[in-house]
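**Student:** Dropping in structure13.pdb, which is PDB, C-alpha atoms:
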ATOM      1  CA  ASN A 290      54.899  63.673 -29.431  1.00  0.00           C
ATOM      2  CA  ARG A 291      52.131  65.505 -31.284  1.00  0.00           C
ATOM      3  CA  GLY A 292      51.203  62.417 -33.312  1.00  0.00           C
ATOM      4  CA  ALA A 293      50.743  60.365 -30.140  1.00  0.00           C
ATOM      5  CA  GLU A 294      48.637  63.147 -28.605  1.00  0.00           C
ATOM      6  CA  GLU A 295      46.349  63.071 -31.647  1.00  0.00           C
ATOM      7  CA  ARG A 296      46.212  59.275 -31.865  1.00  0.00           C
ATOM      8  CA  TYR A 297      45.674  58.487 -28.188  1.00  0.00           C
ATOM      9  CA  GLY A 298      44.112  61.653 -26.750  1.00  0.00           C
ATOM     10  CA  TRP A 299      46.473  62.372 -23.830  1.00  0.00           C
ATOM     11  CA  LYS A 300      48.365  65.637 -23.708  1.00  0.00           C
ATOM     12  CA  ARG A 301      52.146  65.587 -23.275  1.00  0.00           C
ATOM     13  CA  GLU A 302      51.847  66.842 -19.671  1.00  0.00           C
ATOM     14  CA  GLU A 303      49.503  63.962 -18.793  1.00  0.00           C
ATOM     15  CA  ALA A 304      51.701  61.254 -20.332  1.00  0.00           C
ATOM     16  CA  VAL A 305      55.276  62.289 -19.498  1.00  0.00           C
ATOM     17  CA  GLY A 306      56.643  60.206 -16.632  1.00  0.00           C
ATOM     18  CA  LYS A 307      53.998  57.496 -16.985  1.00  0.00           C
ATOM     19  CA  ILE A 308      54.594  53.985 -18.265  1.00  0.00           C
ATOM     20  CA  SER A 309      53.016  54.027 -21.717  1.00  0.00           C
ATOM     21  CA  HIS A 310      51.749  50.446 -21.609  1.00  0.00           C
ATOM     22  CA  GLN A 311      49.947  51.107 -18.319  1.00  0.00           C
ATOM     23  CA  LEU A 312      48.510  54.400 -19.552  1.00  0.00           C
ATOM     24  CA  MET A 313      47.187  52.803 -22.768  1.00  0.00           C
ATOM     25  CA  GLN A 314      46.262  49.432 -21.198  1.00  0.00           C
ATOM     26  CA  THR A 315      48.362  47.658 -23.834  1.00  0.00           C
ATOM     27  CA  ILE A 316      47.290  44.171 -24.850  1.00  0.00           C
ATOM     28  CA  PHE A 317      50.375  42.162 -25.787  1.00  0.00           C
ATOM     29  CA  PRO A 318      50.464  39.149 -28.136  1.00  0.00           C
ATOM     30  CA  ALA A 319      52.525  37.235 -25.549  1.00  0.00           C
ATOM     31  CA  PRO A 320      53.386  37.757 -21.882  1.00  0.00           C
ATOM     32  CA  LEU A 321      55.489  40.911 -21.451  1.00  0.00           C
ATOM     33  CA  GLU A 322      58.199  38.871 -19.714  1.00  0.00           C
ATOM     34  CA  GLU A 323      58.676  36.769 -22.877  1.00  0.00           C
ATOM     35  CA  ILE A 324      58.771  39.870 -25.068  1.00  0.00           C
ATOM     36  CA  ASN A 325      61.365  41.517 -22.798  1.00  0.00           C
ATOM     37  CA  ALA A 326      63.447  38.320 -22.743  1.00  0.00           C
ATOM     38  CA  GLU A 327      63.531  38.273 -26.563  1.00  0.00           C
ATOM     39  CA  LEU A 328      64.397  41.979 -26.598  1.00  0.00           C
ATOM     40  CA  LEU A 329      67.331  41.415 -24.225  1.00  0.00           C
ATOM     41  CA  ARG A 330      68.491  38.334 -26.151  1.00  0.00           C
ATOM     42  CA  THR A 331      68.279  39.739 -29.703  1.00  0.00           C
ATOM     43  CA  GLY A 332      68.181  43.497 -29.171  1.00  0.00           C
ATOM     44  CA  ARG A 333      64.870  43.834 -31.032  1.00  0.00           C
ATOM     45  CA  TRP A 334      61.234  42.780 -31.011  1.00  0.00           C
ATOM     46  CA  ASP A 335      58.315  43.410 -33.333  1.00  0.00           C
ATOM     47  CA  GLY A 336      54.665  42.439 -33.227  1.00  0.00           C
ATOM     48  CA  GLU A 337      51.134  43.765 -33.019  1.00  0.00           C
ATOM     49  CA  LEU A 338      49.850  45.534 -29.929  1.00  0.00           C
ATOM     50  CA  VAL A 339      46.420  46.803 -28.987  1.00  0.00           C
ATOM     51  CA  HIS A 340      46.368  50.177 -27.212  1.00  0.00           C
ATOM     52  CA  THR A 341      43.356  51.859 -25.646  1.00  0.00           C
ATOM     53  CA  ALA A 342      43.037  55.577 -26.359  1.00  0.00           C
ATOM     54  CA  ARG A 343      41.792  58.067 -23.785  1.00  0.00           C
ATOM     55  CA  ASP A 344      38.244  57.888 -25.221  1.00  0.00           C
ATOM     56  CA  GLY A 345      38.213  54.067 -24.881  1.00  0.00           C
ATOM     57  CA  THR A 346      38.680  53.206 -28.549  1.00  0.00           C
ATOM     58  CA  GLN A 347      41.186  50.500 -29.351  1.00  0.00           C
ATOM     59  CA  VAL A 348      44.096  51.168 -31.676  1.00  0.00           C
ATOM     60  CA  ILE A 349      45.987  48.288 -33.286  1.00  0.00           C
ATOM     61  CA  VAL A 350      49.634  49.060 -33.986  1.00  0.00           C
ATOM     62  CA  ALA A 351      52.539  47.322 -35.656  1.00  0.00           C
ATOM     63  CA  SER A 352      55.168  47.849 -32.973  1.00  0.00           C
ATOM     64  CA  ARG A 353      58.973  47.631 -33.316  1.00  0.00           C
ATOM     65  CA  TRP A 354      61.240  47.796 -30.314  1.00  0.00           C
ATOM     66  CA  SER A 355      64.972  48.336 -30.412  1.00  0.00           C
ATOM     67  CA  LEU A 356      67.122  47.969 -27.307  1.00  0.00           C
ATOM     68  CA  GLN A 357      69.512  50.865 -26.763  1.00  0.00           C
ATOM     69  CA  ARG A 358      72.661  50.051 -24.769  1.00  0.00           C
ATOM     70  CA  ASP A 359      75.025  52.311 -22.862  1.00  0.00           C
ATOM     71  CA  LYS A 360      78.825  52.503 -23.302  1.00  0.00           C
ATOM     72  CA  GLN A 361      79.302  49.425 -21.117  1.00  0.00           C
ATOM     73  CA  GLY A 362      76.814  47.439 -23.243  1.00  0.00           C
ATOM     74  CA  LEU A 363      74.134  47.415 -20.575  1.00  0.00           C
ATOM     75  CA  PRO A 364      70.458  48.020 -21.506  1.00  0.00           C
ATOM     76  CA  ALA A 365      69.752  51.741 -21.242  1.00  0.00           C
ATOM     77  CA  ALA A 366      66.478  52.396 -23.083  1.00  0.00           C
ATOM     78  CA  ILE A 367      63.978  50.966 -25.531  1.00  0.00           C
ATOM     79  CA  LEU A 368      63.143  52.811 -28.730  1.00  0.00           C
ATOM     80  CA  GLU A 369      59.565  51.877 -29.633  1.00  0.00           C
ATOM     81  CA  THR A 370      58.057  52.751 -33.010  1.00  0.00           C
ATOM     82  CA  ASN A 371      54.349  52.180 -33.605  1.00  0.00           C
ATOM     83  CA  ASN A 372      52.400  52.346 -36.864  1.00  0.00           C
ATOM     84  CA  ASN A 373      48.625  52.493 -36.666  1.00  0.00           C
ATOM     85  CA  ILE A 374      47.205  49.514 -38.601  1.00  0.00           C
ATOM     86  CA  THR A 375      43.668  49.621 -37.180  1.00  0.00           C
ATOM     87  CA  GLU A 376      42.002  50.388 -40.519  1.00  0.00           C
ATOM     88  CA  GLN A 377      44.114  47.759 -42.283  1.00  0.00           C
ATOM     89  CA  LYS A 378      43.001  45.162 -39.709  1.00  0.00           C
ATOM     90  CA  ARG A 379      39.358  46.200 -40.108  1.00  0.00           C
ATOM     91  CA  ALA A 380      39.698  45.915 -43.885  1.00  0.00           C
ATOM     92  CA  GLU A 381      41.307  42.470 -43.517  1.00  0.00           C
ATOM     93  CA  GLU A 382      38.453  41.336 -41.253  1.00  0.00           C
ATOM     94  CA  ALA A 383      35.871  42.710 -43.701  1.00  0.00           C
ATOM     95  CA  LEU A 384      37.660  40.835 -46.496  1.00  0.00           C
ATOM     96  CA  ARG A 385      37.654  37.608 -44.432  1.00  0.00           C
ATOM     97  CA  GLN A 386      33.936  38.007 -43.782  1.00  0.00           C
ATOM     98  CA  ALA A 387      33.240  38.702 -47.465  1.00  0.00           C
ATOM     99  CA  GLN A 388      35.283  35.638 -48.462  1.00  0.00           C
ATOM    100  CA  ALA A 389      33.411  33.498 -45.933  1.00  0.00           C
ATOM    101  CA  GLU A 390      30.089  34.788 -47.270  1.00  0.00           C
ATOM    102  CA  LEU A 391      31.184  34.120 -50.854  1.00  0.00           C
ATOM    103  CA  ALA A 392      32.274  30.596 -49.904  1.00  0.00           C
ATOM    104  CA  HIS A 393      28.874  30.033 -48.275  1.00  0.00           C
ATOM    105  CA  VAL A 394      27.018  31.306 -51.345  1.00  0.00           C
ATOM    106  CA  THR A 395      29.185  29.087 -53.545  1.00  0.00           C
ATOM    107  CA  ARG A 396      28.415  26.039 -51.390  1.00  0.00           C
ATOM    108  CA  VAL A 397      24.678  26.786 -51.422  1.00  0.00           C
ATOM    109  CA  THR A 398      24.743  27.301 -55.193  1.00  0.00           C
ATOM    110  CA  THR A 399      26.687  24.088 -55.712  1.00  0.00           C
ATOM    111  CA  LEU A 400      24.267  22.177 -53.481  1.00  0.00           C
ATOM    112  CA  GLY A 401      21.342  23.633 -55.429  1.00  0.00           C
ATOM    113  CA  GLU A 402      22.875  22.548 -58.722  1.00  0.00           C
ATOM    114  CA  LEU A 403      23.684  19.125 -57.284  1.00  0.00           C
ATOM    115  CA  ALA A 404      20.131  18.729 -55.976  1.00  0.00           C
ATOM    116  CA  ALA A 405      18.699  19.689 -59.377  1.00  0.00           C
ATOM    117  CA  SER A 406      21.022  17.236 -61.111  1.00  0.00           C
ATOM    118  CA  ILE A 407      20.133  14.424 -58.698  1.00  0.00           C
ATOM    119  CA  ALA A 408      16.421  15.162 -59.066  1.00  0.00           C
ATOM    120  CA  HIS A 409      16.766  15.037 -62.854  1.00  0.00           C
ATOM    121  CA  GLU A 410      18.747  11.769 -62.770  1.00  0.00           C
ATOM    122  CA  VAL A 411      16.239  10.089 -60.429  1.00  0.00           C
ATOM    123  CA  ASN A 412      13.126  11.523 -62.108  1.00  0.00           C
ATOM    124  CA  GLN A 413      13.999  10.039 -65.495  1.00  0.00           C
ATOM    125  CA  PRO A 414      13.717   6.387 -64.406  1.00  0.00           C
ATOM    126  CA  LEU A 415      10.791   7.201 -62.096  1.00  0.00           C
ATOM    127  CA  SER A 416       8.881   8.711 -65.029  1.00  0.00           C
ATOM    128  CA  GLY A 417       9.572   5.531 -67.005  1.00  0.00           C
ATOM    129  CA  ILE A 418       8.338   3.419 -64.075  1.00  0.00           C
ATOM    130  CA  ILE A 419       5.106   5.384 -63.866  1.00  0.00           C
ATOM    131  CA  THR A 420       4.536   5.317 -67.633  1.00  0.00           C
ATOM    132  CA  ASN A 421       5.241   1.578 -67.904  1.00  0.00           C
ATOM    133  CA  SER A 422       3.122   0.818 -64.832  1.00  0.00           C
ATOM    134  CA  ASN A 423       0.144   2.636 -66.331  1.00  0.00           C
ATOM    135  CA  ALA A 424       0.663   0.822 -69.657  1.00  0.00           C
ATOM    136  CA  CYS A 425       0.968  -2.523 -67.859  1.00  0.00           C
ATOM    137  CA  ILE A 426      -2.317  -1.913 -66.027  1.00  0.00           C
ATOM    138  CA  ARG A 427      -4.061  -0.962 -69.309  1.00  0.00           C
ATOM    139  CA  TRP A 428      -2.728  -4.113 -71.075  1.00  0.00           C
ATOM    140  CA  LEU A 429      -3.870  -6.289 -68.196  1.00  0.00           C
ATOM    141  CA  ALA A 430      -7.250  -4.554 -67.797  1.00  0.00           C
ATOM    142  CA  GLY A 431      -8.373  -4.956 -71.402  1.00  0.00           C
ATOM    143  CA  ASP A 432     -11.069  -7.461 -72.517  1.00  0.00           C
ATOM    144  CA  SER A 433      -8.308  -9.692 -73.780  1.00  0.00           C
ATOM    145  CA  PRO A 434      -5.223  -8.895 -71.653  1.00  0.00           C
ATOM    146  CA  ASN A 435      -2.029  -8.482 -73.675  1.00  0.00           C
ATOM    147  CA  LEU A 436       0.293 -10.505 -71.467  1.00  0.00           C
ATOM    148  CA  ASP A 437       3.335 -10.112 -73.728  1.00  0.00           C
ATOM    149  CA  GLU A 438       3.109  -6.296 -73.633  1.00  0.00           C
ATOM    150  CA  ALA A 439       2.377  -6.372 -69.870  1.00  0.00           C
ATOM    151  CA  ARG A 440       5.426  -8.620 -69.341  1.00  0.00           C
ATOM    152  CA  GLU A 441       7.597  -6.269 -71.417  1.00  0.00           C
ATOM    153  CA  ALA A 442       6.280  -3.243 -69.426  1.00  0.00           C
ATOM    154  CA  ALA A 443       7.121  -5.054 -66.161  1.00  0.00           C
ATOM    155  CA  ARG A 444      10.662  -5.671 -67.456  1.00  0.00           C
ATOM    156  CA  ARG A 445      11.000  -1.957 -68.275  1.00  0.00           C
ATOM    157  CA  ILE A 446       9.704  -1.115 -64.778  1.00  0.00           C
ATOM    158  CA  ILE A 447      12.388  -3.352 -63.267  1.00  0.00           C
ATOM    159  CA  ARG A 448      15.051  -1.836 -65.547  1.00  0.00           C
ATOM    160  CA  ASP A 449      14.039   1.728 -64.631  1.00  0.00           C
ATOM    161  CA  GLY A 450      13.860   0.825 -60.925  1.00  0.00           C
ATOM    162  CA  ASN A 451      17.404  -0.503 -61.158  1.00  0.00           C
ATOM    163  CA  ARG A 452      18.500   2.689 -62.977  1.00  0.00           C
ATOM    164  CA  ALA A 453      17.065   4.820 -60.143  1.00  0.00           C
ATOM    165  CA  SER A 454      18.782   2.586 -57.601  1.00  0.00           C
ATOM    166  CA  ASP A 455      22.071   2.874 -59.518  1.00  0.00           C
ATOM    167  CA  VAL A 456      21.833   6.685 -59.453  1.00  0.00           C
ATOM    168  CA  ILE A 457      21.435   6.631 -55.666  1.00  0.00           C
ATOM    169  CA  THR A 458      24.290   4.104 -55.325  1.00  0.00           C
ATOM    170  CA  ARG A 459      26.606   6.280 -57.448  1.00  0.00           C
ATOM    171  CA  ILE A 460      25.733   9.372 -55.409  1.00  0.00           C
ATOM    172  CA  ARG A 461      26.426   7.524 -52.157  1.00  0.00           C
ATOM    173  CA  ALA A 462      29.735   6.246 -53.583  1.00  0.00           C
ATOM    174  CA  LEU A 463      30.649   9.785 -54.597  1.00  0.00           C
ATOM    175  CA  LEU A 464      30.168  10.941 -51.005  1.00  0.00           C
ATOM    176  CA  ARG A 465      32.100   8.015 -49.520  1.00  0.00           C
ATOM    177  CA  LYS A 466      35.777   8.509 -48.807  1.00  0.00           C
ATOM    178  CA  THR A 467      37.213   5.793 -51.037  1.00  0.00           C
ATOM    179  CA  ALA A 468      39.785   5.481 -53.766  1.00  0.00           C
ATOM    180  CA  ILE A 469      38.692   6.497 -57.252  1.00  0.00           C
ATOM    181  CA  GLU A 470      37.631   3.538 -59.359  1.00  0.00           C
ATOM    182  CA  LYS A 471      38.338   3.737 -63.075  1.00  0.00           C
ATOM    183  CA  SER A 472      36.492   1.638 -65.591  1.00  0.00           C
ATOM    184  CA  GLN A 473      36.135   1.532 -69.353  1.00  0.00           C
ATOM    185  CA  LEU A 474      33.118   3.150 -70.904  1.00  0.00           C
ATOM    186  CA  ASP A 475      31.455   2.143 -74.169  1.00  0.00           C
ATOM    187  CA  ILE A 476      30.317   5.555 -75.342  1.00  0.00           C
ATOM    188  CA  ASN A 477      27.999   3.981 -77.939  1.00  0.00           C
ATOM    189  CA  GLN A 478      26.200   1.980 -75.305  1.00  0.00           C
TER
END
Any chance you could give the structure as structure tokens?
**Tutor:**
Amino acid sequence: NRGAEERYGWKREEAVGKISHQLMQTIFPAPLEEINAELLRTGRWDGELVHTARDGTQVIVASRWSLQRDKQGLPAAILETNNNITEQKRAEEALRQAQAELAHVTRVTTLGELAASIAHEVNQPLSGIITNSNACIRWLAGDSPNLDEAREAARRIIRDGNRASDVITRIRALLRKTAIEKSQLDINQ
């Protein structure tokens, strides 16, 4: 018909008498024997086909086949209806790509936020360690070393070192595939 001439590029005279699937190099979603077996069994088949137009471009169609039978109930012909869904498929693929890109951006953003949070959590005790270490050295380096203050600074260094270690341990536990552990929290502490 005229629509097929426009869609595929062959004139009526060139196509009449030819097997359409050979002319258009149809790509089937399953072997043609399986499709024909379903058509004979149920009287219908539908699926997506890829046709190649005369100029070599591929056309994706939603195809519906209906088996026509003669008066004795024997297969006589197949009525095939095709709707061009090429642009819809391209739009779906563009959407899939955009969604994949968005998911990637989301993951990168989340990782950036996580990295900033981890850096903040680890830097706090490290800053305390550095500050207390410098104070400890000053208290020990004086003319009369202040051992009590130096001892207290060393305790704070140990405490802050343990806090940094705890942050790393919690992060590693978060990434481990284990059951969630619930515990009570003293908000005032």
**Student:** Do a neighbour search on Arg440 of chain A at 10 Å with only C-alpha atoms, toss out local chain neighbours closer than 6 positions, and write the hits as JSON, numbers by chain.
**Tutor:** {"A": [425, 428, 429, 446]}
**Student:** Applied to this file, what does the PyMOL selection byres ((chain A and resi 443) around 10) return in terms of residues, put as a list in words?
**Tutor:**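 With the PyMOL selection byres ((chain A and resi 443) around 10) on this model, the match is Ile418, Asn421, Ser422, Ala424, Cys425, Ile426, Asp437, Glu438, Ala439, Arg440, Glu441, Ala442, Arg444, Arg445, Ile446, Ile447, Arg448 and Asp449 of chain A.
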**Student:** May I have the residues within 12 Å of Ser454 of chain A as number ranges by chain, using all atoms listed in the file and disregarding those fewer than 6 positions away in the same chain?
**Tutor:** A: 407, 410-415, 447-448, 460-461
**Student:** Store the residues picked out above, limited to C-alpha atoms, as a PDB file, keeping the file's coordinate frame.
**Tutor:**
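Everything below was put into selection_4.pdb:
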ATOM      1  CA  ILE A 407      20.133  14.424 -58.698  1.00  0.00           C
ATOM      2  CA  GLU A 410      18.747  11.769 -62.770  1.00  0.00           C
ATOM      3  CA  VAL A 411      16.239  10.089 -60.429  1.00  0.00           C
ATOM      4  CA  ASN A 412      13.126  11.523 -62.108  1.00  0.00           C
ATOM      5  CA  GLN A 413      13.999  10.039 -65.495  1.00  0.00           C
ATOM      6  CA  PRO A 414      13.717   6.387 -64.406  1.00  0.00           C
ATOM      7  CA  LEU A 415      10.791   7.201 -62.096  1.00  0.00           C
ATOM      8  CA  ILE A 447      12.388  -3.352 -63.267  1.00  0.00           C
ATOM      9  CA  ARG A 448      15.051  -1.836 -65.547  1.00  0.00           C
ATOM     10  CA  ILE A 460      25.733   9.372 -55.409  1.00  0.00           C
ATOM     11  CA  ARG A 461      26.426   7.524 -52.157  1.00  0.00           C
TER      12      ARG A 461
END
**Student:** What is the atom CA of Glu382 of chain A-atom CA of Leu338 of chain A distance in Å, reported with one decimal?
**Tutor:**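 The value is 16.6 Å.
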**Student:** Considering only C-alpha atoms, return as an MDAnalysis selection string whatever protein or nucleic-acid residues lie within 8 Å of segment 340-353 of chain A, sequence-local ones (same chain, fewer than 5 positions apart) excluded.
**Tutor:** chainID A and resid 296:299 310 313:316 333:335 369:375 378
**Student:** Take the selection from the previous step and output its residues with C-alpha atoms, as a PDB file, keeping the file's coordinate frame.
**Tutor:**
ATOM      1  CA  ARG A 296      46.212  59.275 -31.865  1.00  0.00           C
ATOM      2  CA  TYR A 297      45.674  58.487 -28.188  1.00  0.00           C
ATOM      3  CA  GLY A 298      44.112  61.653 -26.750  1.00  0.00           C
ATOM      4  CA  TRP A 299      46.473  62.372 -23.830  1.00  0.00           C
ATOM      5  CA  HIS A 310      51.749  50.446 -21.609  1.00  0.00           C
ATOM      6  CA  MET A 313      47.187  52.803 -22.768  1.00  0.00           C
ATOM      7  CA  GLN A 314      46.262  49.432 -21.198  1.00  0.00           C
ATOM      8  CA  THR A 315      48.362  47.658 -23.834  1.00  0.00           C
ATOM      9  CA  ILE A 316      47.290  44.171 -24.850  1.00  0.00           C
ATOM     10  CA  ARG A 333      64.870  43.834 -31.032  1.00  0.00           C
ATOM     11  CA  TRP A 334      61.234  42.780 -31.011  1.00  0.00           C
ATOM     12  CA  ASP A 335      58.315  43.410 -33.333  1.00  0.00           C
ATOM     13  CA  GLU A 369      59.565  51.877 -29.633  1.00  0.00           C
ATOM     14  CA  THR A 370      58.057  52.751 -33.010  1.00  0.00           C
ATOM     15  CA  ASN A 371      54.349  52.180 -33.605  1.00  0.00           C
ATOM     16  CA  ASN A 372      52.400  52.346 -36.864  1.00  0.00           C
ATOM     17  CA  ASN A 373      48.625  52.493 -36.666  1.00  0.00           C
ATOM     18  CA  ILE A 374      47.205  49.514 -38.601  1.00  0.00           C
ATOM     19  CA  THR A 375      43.668  49.621 -37.180  1.00  0.00           C
ATOM     20  CA  LYS A 378      43.001  45.162 -39.709  1.00  0.00           C
TER      21      LYS A 378
END
**Student:** Can you tell me how far atom CA of Gln357 of chain A sits from atom CA of Glu327 of chain A, in Å to one decimal?
**Tutor:**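 Value for the atom CA of Gln357 of chain A-atom CA of Glu327 of chain A distance: 13.9 Å.
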**Student:** So the first atom is atom CA of Leu328 of chain A and the second is atom CA of Leu312 of chain A; what is the distance between them in Å, to one decimal place?
**Tutor:**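 Value for the atom CA of Leu328 of chain A-atom CA of Leu312 of chain A distance: 21.4 Å.
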**Student:** Using the chain letters and numbers from the file, give me the residues hit by the PyMOL selection byres ((chain A and resi 358) around 12), as an NGL selection string.
**Tutor:** :A and (328-329 or 332-333 or 355-357 or 359-368)
**Student:** As lines of an AutoDock Vina configuration file, please: the centre and edge lengths in Å, to one decimal, of an axis-aligned box enclosing every listed atom of segment 311-324 of chain A with 6 Å added on each side.
**Tutor:**
center_x = 52.5
center_y = 45.6
center_z = -23.2
size_x = 24.5
size_y = 29.6
size_z = 21.8
**Student:** Is there a way to complete segment 357-377 of chain A with N, CA and C atoms and then write that out as a PDB file, in the frame of the given file?
**Tutor:**
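Final output, saved to result_31.pdb:
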ATOM      1  N   GLN A 357      68.386  49.939 -26.731  1.00  0.00           N
ATOM      2  CA  GLN A 357      69.512  50.865 -26.763  1.00  0.00           C
ATOM      3  C   GLN A 357      70.423  50.514 -25.580  1.00  0.00           C
ATOM      4  N   ARG A 358      71.710  50.412 -25.826  1.00  0.00           N
ATOM      5  CA  ARG A 358      72.661  50.051 -24.769  1.00  0.00           C
ATOM      6  C   ARG A 358      73.587  51.239 -24.466  1.00  0.00           C
ATOM      7  N   ASP A 359      74.086  51.255 -23.238  1.00  0.00           N
ATOM      8  CA  ASP A 359      75.025  52.311 -22.862  1.00  0.00           C
ATOM      9  C   ASP A 359      76.451  51.930 -23.281  1.00  0.00           C
ATOM     10  N   LYS A 360      77.438  52.736 -22.889  1.00  0.00           N
ATOM     11  CA  LYS A 360      78.825  52.503 -23.302  1.00  0.00           C
ATOM     12  C   LYS A 360      79.382  51.182 -22.782  1.00  0.00           C
ATOM     13  N   GLN A 361      78.843  50.688 -21.673  1.00  0.00           N
ATOM     14  CA  GLN A 361      79.302  49.425 -21.117  1.00  0.00           C
ATOM     15  C   GLN A 361      78.551  48.231 -21.723  1.00  0.00           C
ATOM     16  N   GLY A 362      77.587  48.501 -22.615  1.00  0.00           N
ATOM     17  CA  GLY A 362      76.814  47.439 -23.243  1.00  0.00           C
ATOM     18  C   GLY A 362      75.608  47.001 -22.438  1.00  0.00           C
ATOM     19  N   LEU A 363      75.299  47.744 -21.405  1.00  0.00           N
ATOM     20  CA  LEU A 363      74.134  47.415 -20.575  1.00  0.00           C
ATOM     21  C   LEU A 363      72.880  48.069 -21.153  1.00  0.00           C
ATOM     22  N   PRO A 364      71.699  47.420 -20.999  1.00  0.00           N
ATOM     23  CA  PRO A 364      70.458  48.020 -21.506  1.00  0.00           C
ATOM     24  C   PRO A 364      70.226  49.392 -20.873  1.00  0.00           C
ATOM     25  N   ALA A 365      69.957  50.376 -21.732  1.00  0.00           N
ATOM     26  CA  ALA A 365      69.752  51.741 -21.242  1.00  0.00           C
ATOM     27  C   ALA A 365      68.342  52.244 -21.536  1.00  0.00           C
ATOM     28  N   ALA A 366      67.803  51.900 -22.689  1.00  0.00           N
ATOM     29  CA  ALA A 366      66.478  52.396 -23.083  1.00  0.00           C
ATOM     30  C   ALA A 366      65.930  51.517 -24.202  1.00  0.00           C
ATOM     31  N   ILE A 367      64.637  51.681 -24.433  1.00  0.00           N
ATOM     32  CA  ILE A 367      63.978  50.966 -25.531  1.00  0.00           C
ATOM     33  C   ILE A 367      63.381  52.020 -26.457  1.00  0.00           C
ATOM     34  N   LEU A 368      63.753  51.946 -27.726  1.00  0.00           N
ATOM     35  CA  LEU A 368      63.143  52.811 -28.730  1.00  0.00           C
ATOM     36  C   LEU A 368      61.973  52.028 -29.324  1.00  0.00           C
ATOM     37  N   GLU A 369      60.769  52.559 -29.151  1.00  0.00           N
ATOM     38  CA  GLU A 369      59.565  51.877 -29.633  1.00  0.00           C
ATOM     39  C   GLU A 369      58.937  52.718 -30.736  1.00  0.00           C
ATOM     40  N   THR A 370      58.702  52.084 -31.883  1.00  0.00           N
ATOM     41  CA  THR A 370      58.057  52.751 -33.010  1.00  0.00           C
ATOM     42  C   THR A 370      56.754  52.020 -33.295  1.00  0.00           C
ATOM     43  N   ASN A 371      55.661  52.772 -33.358  1.00  0.00           N
ATOM     44  CA  ASN A 371      54.349  52.180 -33.605  1.00  0.00           C
ATOM     45  C   ASN A 371      53.711  52.776 -34.852  1.00  0.00           C
ATOM     46  N   ASN A 372      53.161  51.901 -35.689  1.00  0.00           N
ATOM     47  CA  ASN A 372      52.400  52.346 -36.864  1.00  0.00           C
ATOM     48  C   ASN A 372      50.967  51.876 -36.703  1.00  0.00           C
ATOM     49  N   ASN A 373      50.043  52.810 -36.818  1.00  0.00           N
ATOM     50  CA  ASN A 373      48.625  52.493 -36.666  1.00  0.00           C
ATOM     51  C   ASN A 373      48.158  51.642 -37.843  1.00  0.00           C
ATOM     52  N   ILE A 374      47.701  50.417 -37.553  1.00  0.00           N
ATOM     53  CA  ILE A 374      47.205  49.514 -38.601  1.00  0.00           C
ATOM     54  C   ILE A 374      45.749  49.125 -38.343  1.00  0.00           C
ATOM     55  N   THR A 375      45.054  49.929 -37.544  1.00  0.00           N
ATOM     56  CA  THR A 375      43.668  49.621 -37.180  1.00  0.00           C
ATOM     57  C   THR A 375      42.787  49.481 -38.412  1.00  0.00           C
ATOM     58  N   GLU A 376      42.854  50.442 -39.322  1.00  0.00           N
ATOM     59  CA  GLU A 376      42.002  50.388 -40.519  1.00  0.00           C
ATOM     60  C   GLU A 376      42.378  49.209 -41.406  1.00  0.00           C
ATOM     61  N   GLN A 377      43.674  48.914 -41.500  1.00  0.00           N
ATOM     62  CA  GLN A 377      44.114  47.759 -42.283  1.00  0.00           C
ATOM     63  C   GLN A 377      43.528  46.479 -41.693  1.00  0.00           C
TER      64      GLN A 377
END
